[in-house]
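Below is upload-v1.pdb, holding PDB, C-alpha atoms, pLDDT in the B column.
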ATOM      1  CA  MET X 853     261.957  16.398  27.984  1.00 68.00           C
ATOM      2  CA  GLU X 854     260.532  17.448  24.625  1.00 84.00           C
ATOM      3  CA  GLN X 855     262.810  19.485  22.406  1.00 88.00           C
ATOM      4  CA  SER X 856     260.519  22.511  22.663  1.00 91.00           C
ATOM      5  CA  GLU X 857     260.775  22.339  26.447  1.00 94.00           C
ATOM      6  CA  GLN X 858     264.546  22.236  26.243  1.00 94.00           C
ATOM      7  CA  VAL X 859     264.517  25.296  24.002  1.00 94.00           C
ATOM      8  CA  ALA X 860     262.124  27.090  26.340  1.00 96.00           C
ATOM      9  CA  LYS X 861     264.247  26.315  29.384  1.00 97.00           C
ATOM     10  CA  ALA X 862     267.419  27.450  27.632  1.00 96.00           C
ATOM     11  CA  PHE X 863     265.726  30.671  26.571  1.00 97.00           C
ATOM     12  CA  VAL X 864     264.426  31.344  30.079  1.00 98.00           C
ATOM     13  CA  ASP X 865     267.822  30.678  31.646  1.00 98.00           C
ATOM     14  CA  HIS X 866     269.501  32.987  29.146  1.00 97.00           C
ATOM     15  CA  TYR X 867     266.897  35.746  29.387  1.00 98.00           C
ATOM     16  CA  TYR X 868     266.860  36.112  33.158  1.00 98.00           C
ATOM     17  CA  THR X 869     270.585  35.599  33.616  1.00 98.00           C
ATOM     18  CA  THR X 870     271.134  38.400  31.107  1.00 97.00           C
ATOM     19  CA  PHE X 871     268.491  40.553  32.820  1.00 98.00           C
ATOM     20  CA  ASP X 872     270.174  40.090  36.201  1.00 97.00           C
ATOM     21  CA  THR X 873     273.763  40.604  35.058  1.00 97.00           C
ATOM     22  CA  ASN X 874     273.782  42.781  31.918  1.00 96.00           C
ATOM     23  CA  ARG X 875     270.338  44.165  31.181  1.00 96.00           C
ATOM     24  CA  ALA X 876     271.464  46.056  28.053  1.00 96.00           C
ATOM     25  CA  GLY X 877     272.460  42.712  26.567  1.00 97.00           C
ATOM     26  CA  LEU X 878     268.775  41.854  26.184  1.00 97.00           C
ATOM     27  CA  SER X 879     268.769  43.977  23.017  1.00 97.00           C
ATOM     28  CA  ASN X 880     270.020  40.926  21.108  1.00 95.00           C
ATOM     29  CA  LEU X 881     266.719  39.181  21.864  1.00 97.00           C
ATOM     30  CA  TYR X 882     264.356  41.825  20.435  1.00 98.00           C
ATOM     31  CA  GLN X 883     263.839  43.199  16.935  1.00 97.00           C
ATOM     32  CA  GLU X 884     262.170  46.296  15.448  1.00 95.00           C
ATOM     33  CA  ASN X 885     258.687  44.798  15.493  1.00 94.00           C
ATOM     34  CA  SER X 886     258.965  43.352  19.005  1.00 97.00           C
ATOM     35  CA  MET X 887     256.400  44.417  21.583  1.00 97.00           C
ATOM     36  CA  LEU X 888     256.613  44.630  25.360  1.00 98.00           C
ATOM     37  CA  SER X 889     253.761  45.210  27.784  1.00 98.00           C
ATOM     38  CA  PHE X 890     255.305  46.001  31.153  1.00 98.00           C
ATOM     39  CA  GLU X 891     252.805  46.456  33.960  1.00 97.00           C
ATOM     40  CA  GLY X 892     250.329  47.740  31.372  1.00 96.00           C
ATOM     41  CA  GLN X 893     252.740  50.098  29.572  1.00 97.00           C
ATOM     42  CA  LYS X 894     253.389  49.250  25.917  1.00 97.00           C
ATOM     43  CA  PHE X 895     256.695  49.553  24.100  1.00 98.00           C
ATOM     44  CA  LEU X 896     257.422  48.852  20.425  1.00 97.00           C
ATOM     45  CA  GLY X 897     260.842  47.902  19.065  1.00 97.00           C
ATOM     46  CA  GLY X 898     263.977  46.591  20.672  1.00 97.00           C
ATOM     47  CA  GLN X 899     265.410  50.042  21.379  1.00 97.00           C
ATOM     48  CA  ASN X 900     262.352  51.248  23.293  1.00 98.00           C
ATOM     49  CA  ILE X 901     261.966  47.926  25.068  1.00 98.00           C
ATOM     50  CA  VAL X 902     265.540  47.752  26.292  1.00 98.00           C
ATOM     51  CA  GLY X 903     265.355  51.473  27.100  1.00 98.00           C
ATOM     52  CA  LYS X 904     262.499  50.685  29.450  1.00 98.00           C
ATOM     53  CA  LEU X 905     264.157  47.650  30.997  1.00 97.00           C
ATOM     54  CA  THR X 906     267.468  49.429  31.599  1.00 96.00           C
ATOM     55  CA  SER X 907     265.727  52.438  33.161  1.00 96.00           C
ATOM     56  CA  LEU X 908     263.766  50.463  35.746  1.00 95.00           C
ATOM     57  CA  PRO X 909     264.349  52.052  39.150  1.00 91.00           C
ATOM     58  CA  PHE X 910     266.548  49.346  40.579  1.00 90.00           C
ATOM     59  CA  GLU X 911     270.126  48.447  39.833  1.00 85.00           C
ATOM     60  CA  GLN X 912     270.391  44.908  41.054  1.00 93.00           C
ATOM     61  CA  CYS X 913     267.825  42.153  40.927  1.00 96.00           C
ATOM     62  CA  LYS X 914     267.598  38.394  40.878  1.00 97.00           C
ATOM     63  CA  HIS X 915     264.878  36.384  39.165  1.00 97.00           C
ATOM     64  CA  SER X 916     264.042  32.935  40.539  1.00 97.00           C
ATOM     65  CA  ILE X 917     261.902  30.820  38.231  1.00 97.00           C
ATOM     66  CA  THR X 918     259.048  28.771  39.685  1.00 97.00           C
ATOM     67  CA  THR X 919     257.346  27.357  36.575  1.00 97.00           C
ATOM     68  CA  ILE X 920     258.000  27.265  32.831  1.00 98.00           C
ATOM     69  CA  ASP X 921     255.265  26.255  30.399  1.00 98.00           C
ATOM     70  CA  CYS X 922     255.768  26.139  26.665  1.00 97.00           C
ATOM     71  CA  GLN X 923     253.683  25.374  23.596  1.00 97.00           C
ATOM     72  CA  LEU X 924     254.427  25.343  19.912  1.00 94.00           C
ATOM     73  CA  SER X 925     252.307  27.666  17.821  1.00 90.00           C
ATOM     74  CA  GLY X 926     252.210  29.458  14.490  1.00 78.00           C
ATOM     75  CA  PRO X 927     252.508  28.060  10.980  1.00 72.00           C
ATOM     76  CA  ASN X 928     253.921  24.511  11.115  1.00 76.00           C
ATOM     77  CA  GLY X 929     254.605  24.892  14.819  1.00 79.00           C
ATOM     78  CA  THR X 930     257.666  27.045  14.148  1.00 86.00           C
ATOM     79  CA  THR X 931     257.021  29.525  16.919  1.00 92.00           C
ATOM     80  CA  LEU X 932     257.233  28.988  20.629  1.00 96.00           C
ATOM     81  CA  ILE X 933     255.130  30.379  23.444  1.00 97.00           C
ATOM     82  CA  VAL X 934     256.872  30.451  26.816  1.00 98.00           C
ATOM     83  CA  PHE X 935     255.000  31.253  30.020  1.00 98.00           C
ATOM     84  CA  VAL X 936     256.970  31.860  33.203  1.00 98.00           C
ATOM     85  CA  SER X 937     256.120  32.436  36.836  1.00 97.00           C
ATOM     86  CA  GLY X 938     258.637  33.297  39.489  1.00 97.00           C
ATOM     87  CA  ASN X 939     259.991  35.640  42.097  1.00 96.00           C
ATOM     88  CA  LEU X 940     261.913  38.857  41.614  1.00 96.00           C
ATOM     89  CA  GLN X 941     264.220  39.872  44.427  1.00 96.00           C
ATOM     90  CA  LEU X 942     265.309  43.500  44.378  1.00 95.00           C
ATOM     91  CA  ALA X 943     268.475  44.550  46.191  1.00 91.00           C
ATOM     92  CA  GLY X 944     267.647  46.014  49.583  1.00 88.00           C
ATOM     93  CA  GLU X 945     264.067  44.702  49.651  1.00 91.00           C
ATOM     94  CA  GLN X 946     263.081  42.163  52.266  1.00 91.00           C
ATOM     95  CA  HIS X 947     260.491  40.217  50.273  1.00 92.00           C
ATOM     96  CA  PRO X 948     260.603  39.118  46.657  1.00 94.00           C
ATOM     97  CA  LEU X 949     257.896  40.194  44.209  1.00 94.00           C
ATOM     98  CA  LYS X 950     255.938  37.493  42.402  1.00 95.00           C
ATOM     99  CA  PHE X 951     255.645  37.866  38.646  1.00 97.00           C
ATOM    100  CA  SER X 952     254.239  36.201  35.544  1.00 98.00           C
ATOM    101  CA  GLN X 953     255.609  36.735  32.067  1.00 98.00           C
ATOM    102  CA  MET X 954     254.969  35.346  28.606  1.00 98.00           C
ATOM    103  CA  PHE X 955     257.131  35.385  25.513  1.00 98.00           C
ATOM    104  CA  TYR X 956     256.138  34.669  21.938  1.00 97.00           C
ATOM    105  CA  LEU X 957     259.309  33.570  20.165  1.00 96.00           C
ATOM    106  CA  LEU X 958     259.823  33.627  16.414  1.00 94.00           C
ATOM    107  CA  PRO X 959     262.627  31.748  14.663  1.00 92.00           C
ATOM    108  CA  THR X 960     265.501  33.693  13.118  1.00 92.00           C
ATOM    109  CA  PRO X 961     267.255  32.707   9.873  1.00 90.00           C
ATOM    110  CA  GLN X 962     270.276  31.823  12.035  1.00 89.00           C
ATOM    111  CA  GLY X 963     268.321  29.032  13.735  1.00 86.00           C
ATOM    112  CA  SER X 964     267.773  30.943  16.939  1.00 90.00           C
ATOM    113  CA  PHE X 965     264.727  32.838  18.256  1.00 94.00           C
ATOM    114  CA  TYR X 966     263.808  36.418  18.980  1.00 96.00           C
ATOM    115  CA  VAL X 967     261.054  37.844  21.154  1.00 97.00           C
ATOM    116  CA  GLN X 968     258.088  39.026  19.094  1.00 96.00           C
ATOM    117  CA  ASN X 969     255.775  39.541  22.070  1.00 97.00           C
ATOM    118  CA  ASP X 970     256.601  39.985  25.752  1.00 98.00           C
ATOM    119  CA  ILE X 971     254.043  40.615  28.496  1.00 98.00           C
ATOM    120  CA  PHE X 972     255.132  41.122  32.107  1.00 98.00           C
ATOM    121  CA  ARG X 973     252.979  41.500  35.208  1.00 97.00           C
ATOM    122  CA  LEU X 974     253.704  41.555  38.892  1.00 95.00           C
ATOM    123  CA  ASN X 975     251.292  39.379  40.888  1.00 91.00           C
ATOM    124  CA  TYR X 976     250.374  41.431  43.885  1.00 81.00           C
ATOM    125  CA  ALA X 977     249.272  39.455  46.907  1.00 63.00           C
TER     126      ALA X 977
ATOM    127  CA  MET I 100     240.620  52.039  23.846  1.00 68.00           C
ATOM    128  CA  GLU I 101     242.288  50.395  20.863  1.00 84.00           C
ATOM    129  CA  GLN I 102     240.166  47.972  18.880  1.00 88.00           C
ATOM    130  CA  SER I 103     242.385  45.052  19.859  1.00 91.00           C
ATOM    131  CA  GLU I 104     241.849  45.916  23.520  1.00 94.00           C
ATOM    132  CA  GLN I 105     238.096  45.966  23.012  1.00 94.00           C
ATOM    133  CA  VAL I 106     238.273  42.538  21.380  1.00 94.00           C
ATOM    134  CA  ALA I 107     240.464  41.208  24.178  1.00 96.00           C
ATOM    135  CA  LYS I 108     238.129  42.521  26.860  1.00 97.00           C
ATOM    136  CA  ALA I 109     235.079  41.070  25.096  1.00 96.00           C
ATOM    137  CA  PHE I 110     236.828  37.708  24.779  1.00 97.00           C
ATOM    138  CA  VAL I 111     237.841  37.689  28.437  1.00 98.00           C
ATOM    139  CA  ASP I 112     234.336  38.616  29.581  1.00 98.00           C
ATOM    140  CA  HIS I 113     232.861  35.884  27.413  1.00 97.00           C
ATOM    141  CA  TYR I 114     235.406  33.236  28.372  1.00 98.00           C
ATOM    142  CA  TYR I 115     235.144  33.563  32.137  1.00 98.00           C
ATOM    143  CA  THR I 116     231.387  34.120  32.184  1.00 98.00           C
ATOM    144  CA  THR I 117     231.020  30.906  30.196  1.00 97.00           C
ATOM    145  CA  PHE I 118     233.507  29.122  32.480  1.00 98.00           C
ATOM    146  CA  ASP I 119     231.573  30.178  35.571  1.00 97.00           C
ATOM    147  CA  THR I 120     228.065  29.440  34.259  1.00 97.00           C
ATOM    148  CA  ASN I 121     228.287  26.724  31.579  1.00 96.00           C
ATOM    149  CA  ARG I 122     231.766  25.248  31.399  1.00 96.00           C
ATOM    150  CA  ALA I 123     230.879  22.816  28.588  1.00 96.00           C
ATOM    151  CA  GLY I 124     230.021  25.826  26.435  1.00 97.00           C
ATOM    152  CA  LEU I 125     233.736  26.612  26.206  1.00 97.00           C
ATOM    153  CA  SER I 126     233.979  23.949  23.490  1.00 97.00           C
ATOM    154  CA  ASN I 127     232.929  26.589  20.963  1.00 95.00           C
ATOM    155  CA  LEU I 128     236.158  28.471  21.639  1.00 97.00           C
ATOM    156  CA  TYR I 129     238.592  25.622  20.908  1.00 98.00           C
ATOM    157  CA  GLN I 130     239.385  23.627  17.779  1.00 97.00           C
ATOM    158  CA  GLU I 131     241.149  20.342  17.012  1.00 95.00           C
ATOM    159  CA  ASN I 132     244.625  21.866  17.055  1.00 94.00           C
ATOM    160  CA  SER I 133     244.073  23.901  20.206  1.00 97.00           C
ATOM    161  CA  MET I 134     246.422  23.339  23.133  1.00 97.00           C
ATOM    162  CA  LEU I 135     245.927  23.818  26.859  1.00 98.00           C
ATOM    163  CA  SER I 136     248.562  23.720  29.562  1.00 98.00           C
ATOM    164  CA  PHE I 137     246.740  23.556  32.886  1.00 98.00           C
ATOM    165  CA  GLU I 138     249.003  23.637  35.906  1.00 97.00           C
ATOM    166  CA  GLY I 139     251.672  21.923  33.821  1.00 96.00           C
ATOM    167  CA  GLN I 140     249.394  19.252  32.293  1.00 97.00           C
ATOM    168  CA  LYS I 141     249.068  19.415  28.513  1.00 97.00           C
ATOM    169  CA  PHE I 142     245.893  18.749  26.516  1.00 98.00           C
ATOM    170  CA  LEU I 143     245.485  18.775  22.737  1.00 97.00           C
ATOM    171  CA  GLY I 144     242.186  19.446  20.958  1.00 97.00           C
ATOM    172  CA  GLY I 145     238.925  20.999  22.052  1.00 97.00           C
ATOM    173  CA  GLN I 146     237.425  17.735  23.246  1.00 97.00           C
ATOM    174  CA  ASN I 147     240.313  16.906  25.584  1.00 98.00           C
ATOM    175  CA  ILE I 148     240.588  20.504  26.761  1.00 98.00           C
ATOM    176  CA  VAL I 149     236.917  20.866  27.628  1.00 98.00           C
ATOM    177  CA  GLY I 150     237.000  17.366  29.126  1.00 98.00           C
ATOM    178  CA  LYS I 151     239.683  18.586  31.512  1.00 98.00           C
ATOM    179  CA  LEU I 152     237.922  21.840  32.337  1.00 97.00           C
ATOM    180  CA  THR I 153     234.560  20.188  33.001  1.00 96.00           C
ATOM    181  CA  SER I 154     236.157  17.516  35.204  1.00 96.00           C
ATOM    182  CA  LEU I 155     237.917  19.952  37.536  1.00 95.00           C
ATOM    183  CA  PRO I 156     237.062  19.009  41.101  1.00 91.00           C
ATOM    184  CA  PHE I 157     234.776  21.927  41.840  1.00 90.00           C
ATOM    185  CA  GLU I 158     231.280  22.630  40.652  1.00 85.00           C
ATOM    186  CA  GLN I 159     230.944  26.324  41.182  1.00 93.00           C
ATOM    187  CA  CYS I 160     233.528  29.031  40.770  1.00 96.00           C
ATOM    188  CA  LYS I 161     233.781  32.712  40.051  1.00 97.00           C
ATOM    189  CA  HIS I 162     236.641  34.409  38.217  1.00 97.00           C
ATOM    190  CA  SER I 163     237.391  38.054  38.990  1.00 97.00           C
ATOM    191  CA  ILE I 164     239.722  39.719  36.521  1.00 97.00           C
ATOM    192  CA  THR I 165     242.470  42.016  37.801  1.00 97.00           C
ATOM    193  CA  THR I 166     244.416  42.850  34.628  1.00 97.00           C
ATOM    194  CA  ILE I 167     244.059  42.248  30.886  1.00 98.00           C
ATOM    195  CA  ASP I 168     246.985  42.825  28.540  1.00 98.00           C
ATOM    196  CA  CYS I 169     246.785  42.246  24.807  1.00 97.00           C
ATOM    197  CA  GLN I 170     249.105  42.444  21.836  1.00 97.00           C
ATOM    198  CA  LEU I 171     248.667  41.793  18.159  1.00 94.00           C
ATOM    199  CA  SER I 172     250.930  39.148  16.700  1.00 90.00           C
ATOM    200  CA  GLY I 173     251.293  36.789  13.772  1.00 78.00           C
ATOM    201  CA  PRO I 174     251.283  37.502  10.051  1.00 72.00           C
ATOM    202  CA  ASN I 175     249.864  41.012   9.410  1.00 76.00           C
ATOM    203  CA  GLY I 176     248.886  41.315  13.070  1.00 79.00           C
ATOM    204  CA  THR I 177     245.881  39.057  12.565  1.00 86.00           C
ATOM    205  CA  THR I 178     246.287  37.126  15.774  1.00 92.00           C
ATOM    206  CA  LEU I 179     245.773  38.327  19.298  1.00 96.00           C
ATOM    207  CA  ILE I 180     247.646  37.489  22.489  1.00 97.00           C
ATOM    208  CA  VAL I 181     245.637  38.020  25.665  1.00 98.00           C
ATOM    209  CA  PHE I 182     247.247  37.844  29.096  1.00 98.00           C
ATOM    210  CA  VAL I 183     245.035  37.809  32.173  1.00 98.00           C
ATOM    211  CA  SER I 184     245.586  37.927  35.913  1.00 97.00           C
ATOM    212  CA  GLY I 185     242.864  37.547  38.462  1.00 97.00           C
ATOM    213  CA  ASN I 186     241.282  35.699  41.346  1.00 96.00           C
ATOM    214  CA  LEU I 187     239.398  32.436  41.296  1.00 96.00           C
ATOM    215  CA  GLN I 188     236.857  31.937  44.067  1.00 96.00           C
ATOM    216  CA  LEU I 189     235.751  28.348  44.603  1.00 95.00           C
ATOM    217  CA  ALA I 190     232.439  27.609  46.309  1.00 91.00           C
ATOM    218  CA  GLY I 191     232.979  26.815  49.969  1.00 88.00           C
ATOM    219  CA  GLU I 192     236.544  28.148  50.081  1.00 91.00           C
ATOM    220  CA  GLN I 193     237.343  31.142  52.248  1.00 91.00           C
ATOM    221  CA  HIS I 194     240.088  32.700  50.148  1.00 92.00           C
ATOM    222  CA  PRO I 195     240.282  33.127  46.392  1.00 94.00           C
ATOM    223  CA  LEU I 196     243.167  31.636  44.400  1.00 94.00           C
ATOM    224  CA  LYS I 197     245.282  33.990  42.306  1.00 95.00           C
ATOM    225  CA  PHE I 198     245.880  32.930  38.713  1.00 97.00           C
ATOM    226  CA  SER I 199     247.543  34.010  35.475  1.00 98.00           C
ATOM    227  CA  GLN I 200     246.440  32.815  32.056  1.00 98.00           C
ATOM    228  CA  MET I 201     247.356  33.557  28.477  1.00 98.00           C
ATOM    229  CA  PHE I 202     245.449  32.930  25.266  1.00 98.00           C
ATOM    230  CA  TYR I 203     246.736  32.979  21.711  1.00 97.00           C
ATOM    231  CA  LEU I 204     243.721  33.719  19.527  1.00 96.00           C
ATOM    232  CA  LEU I 205     243.505  32.967  15.819  1.00 94.00           C
ATOM    233  CA  PRO I 206     240.866  34.470  13.544  1.00 92.00           C
ATOM    234  CA  THR I 207     238.111  32.252  12.155  1.00 92.00           C
ATOM    235  CA  PRO I 208     236.633  32.619   8.648  1.00 90.00           C
ATOM    236  CA  GLN I 209     233.465  33.877  10.375  1.00 89.00           C
ATOM    237  CA  GLY I 210     235.297  36.948  11.686  1.00 86.00           C
ATOM    238  CA  SER I 211     235.567  35.649  15.216  1.00 90.00           C
ATOM    239  CA  PHE I 212     238.470  34.059  17.093  1.00 94.00           C
ATOM    240  CA  TYR I 213     239.305  30.680  18.527  1.00 96.00           C
ATOM    241  CA  VAL I 214     241.871  29.692  21.145  1.00 97.00           C
ATOM    242  CA  GLN I 215     244.986  28.158  19.582  1.00 96.00           C
ATOM    243  CA  ASN I 216     247.053  28.233  22.776  1.00 97.00           C
ATOM    244  CA  ASP I 217     245.925  28.459  26.387  1.00 98.00           C
ATOM    245  CA  ILE I 218     248.249  28.370  29.397  1.00 98.00           C
ATOM    246  CA  PHE I 219     246.888  28.530  32.941  1.00 98.00           C
ATOM    247  CA  ARG I 220     248.769  28.745  36.217  1.00 97.00           C
ATOM    248  CA  LEU I 221     247.762  29.358  39.784  1.00 95.00           C
ATOM    249  CA  ASN I 222     250.024  31.890  41.524  1.00 91.00           C
ATOM    250  CA  TYR I 223     250.692  30.424  44.906  1.00 81.00           C
ATOM    251  CA  ALA I 224     251.541  32.939  47.580  1.00 63.00           C
TER     252      ALA I 224
END
Step by step, read the file and then write its structure as C-alpha cells.
Amino acid sequence: MEQSEQVAKAFVDHYYTTFDTNRAGLSNLYQENSMLSFEGQKFLGGQNIVGKLTSLPFEQCKHSITTIDCQLSGPNGTTLIVFVSGNLQLAGEQHPLKFSQMFYLLPTPQGSFYVQNDIFRLNYA
Amino acid sequence: MEQSEQVAKAFVDHYYTTFDTNRAGLSNLYQENSMLSFEGQKFLGGQNIVGKLTSLPFEQCKHSITTIDCQLSGPNGTTLIVFVSGNLQLAGEQHPLKFSQMFYLLPTPQGSFYVQNDIFRLNYA
C-alpha cells in the first residue's frame, strides 16, 4: 500500500470511530478556516462544524466503510484528498443509509493533518 | 447563488454534456499532472485519463445530476472543490447506476479551470 493510502486509511478509521463514539472529539480535526457541506448546508470553522455534527438528531450511529480513495494534491503533493463511501446505521433504524463523503486534508506543523474541506451527502436509493 | 456555485454548476454542465456527447473532448479539461481514480483504478495525466474514459465498455450514456456541492479551497481560495451525485443511464440498460464524483479544480492562466483531481465511484445499492 502506498504511504498516502496508509495515511488515508488511518484518517478514515480515526474520523469515523471518533464520530461514532465521541462526536465532540472531532473538533481536534478542524480549524477556523475549515468548511463543511452537510446535505447542502454550509458551515465555516471548527466550532460551527462540530456544533452541527453534535446536534444531529440521533444519539448513536455506526459508520461502515465500503471504499476509500485517496490522491495527493496541492503544492508539492503535500495535501491529501480522501473520498469515502459507506453505510450509516442509526440506532433504532432497520436499514442503513448510504453516504459519500470527501475530505481535503492539509498538513499541520506537528506532522499531522486537519480537515480543510469536508463534503457529506447521503445517497438516496 | 454565490459565484463559486455558478462556476461549479457551469463546470458540471460542461463536463457531463461533453462526456455524454463527445467523450474525447474531455481532454481539454485535464493536464499532465491530473489524476483520476475510477472505481479504484488510478490514472495519471490527461492522455491516460481520457484513454480510460473513452475505452469504457459502453458507447452511449446519459448523466443526470442530483446534487452539486462546491467549496473554495487552496491558497487564497483560488481552487474549487466540486462534489457531484447523480445517475448514469447506459444505453440498453433498464436501470440507471447511481454515482458520486469529486473534482478538484485549479485555475488556468486563461481564467478557466482544469481538473487536478478526479475521483469517481458507483454507489451500489
*asked:* Since I can't run it myself right now, could you work out what the PyMOL selection byres ((chain X and resi 903) around 12) selects here and report it as a list of chain:residue names?
replied: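 That selection, the PyMOL selection byres ((chain X and resi 903) around 12), comes back as X:Arg875, X:Ala876, X:Gly877, X:Leu878, X:Ser879, X:Tyr882, X:Leu888, X:Phe895, X:Leu896, X:Gly897, X:Gly898, X:Gln899, X:Asn900, X:Ile901, X:Val902, X:Lys904, X:Leu905, X:Thr906, X:Ser907, X:Leu908.
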List the spatial neighbours of stretch 941-952 of chain X as a PDB file with C-alpha atoms, in the frame of the given file - criterion: any atom at most 7 Å away, all atoms listed in the file, same-chain residues fewer than 6 positions off excluded.
ATOM      1  CA  GLN X 912     270.391  44.908  41.054  1.00 93.00           C
ATOM      2  CA  CYS X 913     267.825  42.153  40.927  1.00 96.00           C
ATOM      3  CA  LYS X 914     267.598  38.394  40.878  1.00 97.00           C
ATOM      4  CA  HIS X 915     264.878  36.384  39.165  1.00 97.00           C
ATOM      5  CA  PHE X 972     255.132  41.122  32.107  1.00 98.00           C
ATOM      6  CA  ARG X 973     252.979  41.500  35.208  1.00 97.00           C
ATOM      7  CA  LEU X 974     253.704  41.555  38.892  1.00 95.00           C
ATOM      8  CA  ASN X 975     251.292  39.379  40.888  1.00 91.00           C
ATOM      9  CA  TYR X 976     250.374  41.431  43.885  1.00 81.00           C
TER      10      TYR X 976
END
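The residue set within 10 Å of I:Phe182, counting all atoms listed in the file and dropping same-chain residues fewer than 2 places from it, reads Ser889, Ser952, Gln953, Met954, Ile971, Phe972 and Arg973 of chain X; Ala107, Val111, Thr166, Ile167, Asp168, Cys169, Gln170, Leu179, Ile180, Ser184, Ser199, Gln200, Met201, Phe202, Tyr203, Asp217 and Ile218 of chain I.
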Kindly export the residues of the current selection with C-alpha atoms, as a PDB file, keeping the file's coordinate frame.
ATOM      1  CA  SER X 889     253.761  45.210  27.784  1.00 98.00           C
ATOM      2  CA  SER X 952     254.239  36.201  35.544  1.00 98.00           C
ATOM      3  CA  GLN X 953     255.609  36.735  32.067  1.00 98.00           C
ATOM      4  CA  MET X 954     254.969  35.346  28.606  1.00 98.00           C
ATOM      5  CA  ILE X 971     254.043  40.615  28.496  1.00 98.00           C
ATOM      6  CA  PHE X 972     255.132  41.122  32.107  1.00 98.00           C
ATOM      7  CA  ARG X 973     252.979  41.500  35.208  1.00 97.00           C
TER       8      ARG X 973
ATOM      9  CA  ALA I 107     240.464  41.208  24.178  1.00 96.00           C
ATOM     10  CA  VAL I 111     237.841  37.689  28.437  1.00 98.00           C
ATOM     11  CA  THR I 166     244.416  42.850  34.628  1.00 97.00           C
ATOM     12  CA  ILE I 167     244.059  42.248  30.886  1.00 98.00           C
ATOM     13  CA  ASP I 168     246.985  42.825  28.540  1.00 98.00           C
ATOM     14  CA  CYS I 169     246.785  42.246  24.807  1.00 97.00           C
ATOM     15  CA  GLN I 170     249.105  42.444  21.836  1.00 97.00           C
ATOM     16  CA  LEU I 179     245.773  38.327  19.298  1.00 96.00           C
ATOM     17  CA  ILE I 180     247.646  37.489  22.489  1.00 97.00           C
ATOM     18  CA  SER I 184     245.586  37.927  35.913  1.00 97.00           C
ATOM     19  CA  SER I 199     247.543  34.010  35.475  1.00 98.00           C
ATOM     20  CA  GLN I 200     246.440  32.815  32.056  1.00 98.00           C
ATOM     21  CA  MET I 201     247.356  33.557  28.477  1.00 98.00           C
ATOM     22  CA  PHE I 202     245.449  32.930  25.266  1.00 98.00           C
ATOM     23  CA  TYR I 203     246.736  32.979  21.711  1.00 97.00           C
ATOM     24  CA  ASP I 217     245.925  28.459  26.387  1.00 98.00           C
ATOM     25  CA  ILE I 218     248.249  28.370  29.397  1.00 98.00           C
TER      26      ILE I 218
END
*asked:* When you look at I:Phe212 with a cut-off of 10 Å (counting all atoms listed in the file), what residues show up, excluding the ones that are within fewer than 5 positions of it in the same chain? I need them as number ranges by chain.
replied: I: 106, 110, 128-129, 178-179, 203-207
*Please indicate the distance in Å from atom CA of I:Met134 to atom CA of X:Glu854, rounded to one decimal place.*
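We find that atom CA of I:Met134 and atom CA of X:Glu854 lie 15.4 Å from each other.
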Put stretch 161-178 of chain I into a file with C-alpha atoms, as an mmCIF file, in the first residue's frame.
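Once everything was written out, this is result21.cif:
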data_model
loop_
_atom_site.group_PDB
_atom_site.id
_atom_site.type_symbol
_atom_site.label_atom_id
_atom_site.label_comp_id
_atom_site.auth_asym_id
_atom_site.auth_seq_id
_atom_site.Cartn_x
_atom_site.Cartn_y
_atom_site.Cartn_z
ATOM 1 C CA LYS I 161 -26.524 9.948 -20.079
ATOM 2 C CA HIS I 162 -25.631 11.524 -16.740
ATOM 3 C CA SER I 163 -28.403 13.100 -14.672
ATOM 4 C CA ILE I 164 -27.179 15.258 -11.818
ATOM 5 C CA THR I 165 -28.900 15.036 -8.434
ATOM 6 C CA THR I 166 -26.727 17.273 -6.236
ATOM 7 C CA ILE I 167 -23.791 19.649 -6.699
ATOM 8 C CA ASP I 168 -21.778 20.852 -3.717
ATOM 9 C CA CYS I 169 -18.822 23.193 -4.027
ATOM 10 C CA GLN I 170 -16.273 24.770 -1.733
ATOM 11 C CA LEU I 171 -13.370 27.093 -2.292
ATOM 12 C CA SER I 172 -10.009 25.785 -1.178
ATOM 13 C CA GLY I 173 -6.293 26.250 -1.671
ATOM 14 C CA PRO I 174 -4.156 29.358 -1.312
ATOM 15 C CA ASN I 175 -6.401 32.473 -1.261
ATOM 16 C CA GLY I 176 -9.423 30.344 -2.141
ATOM 17 C CA THR I 177 -8.337 30.113 -5.768
ATOM 18 C CA THR I 178 -9.204 26.475 -6.216
#
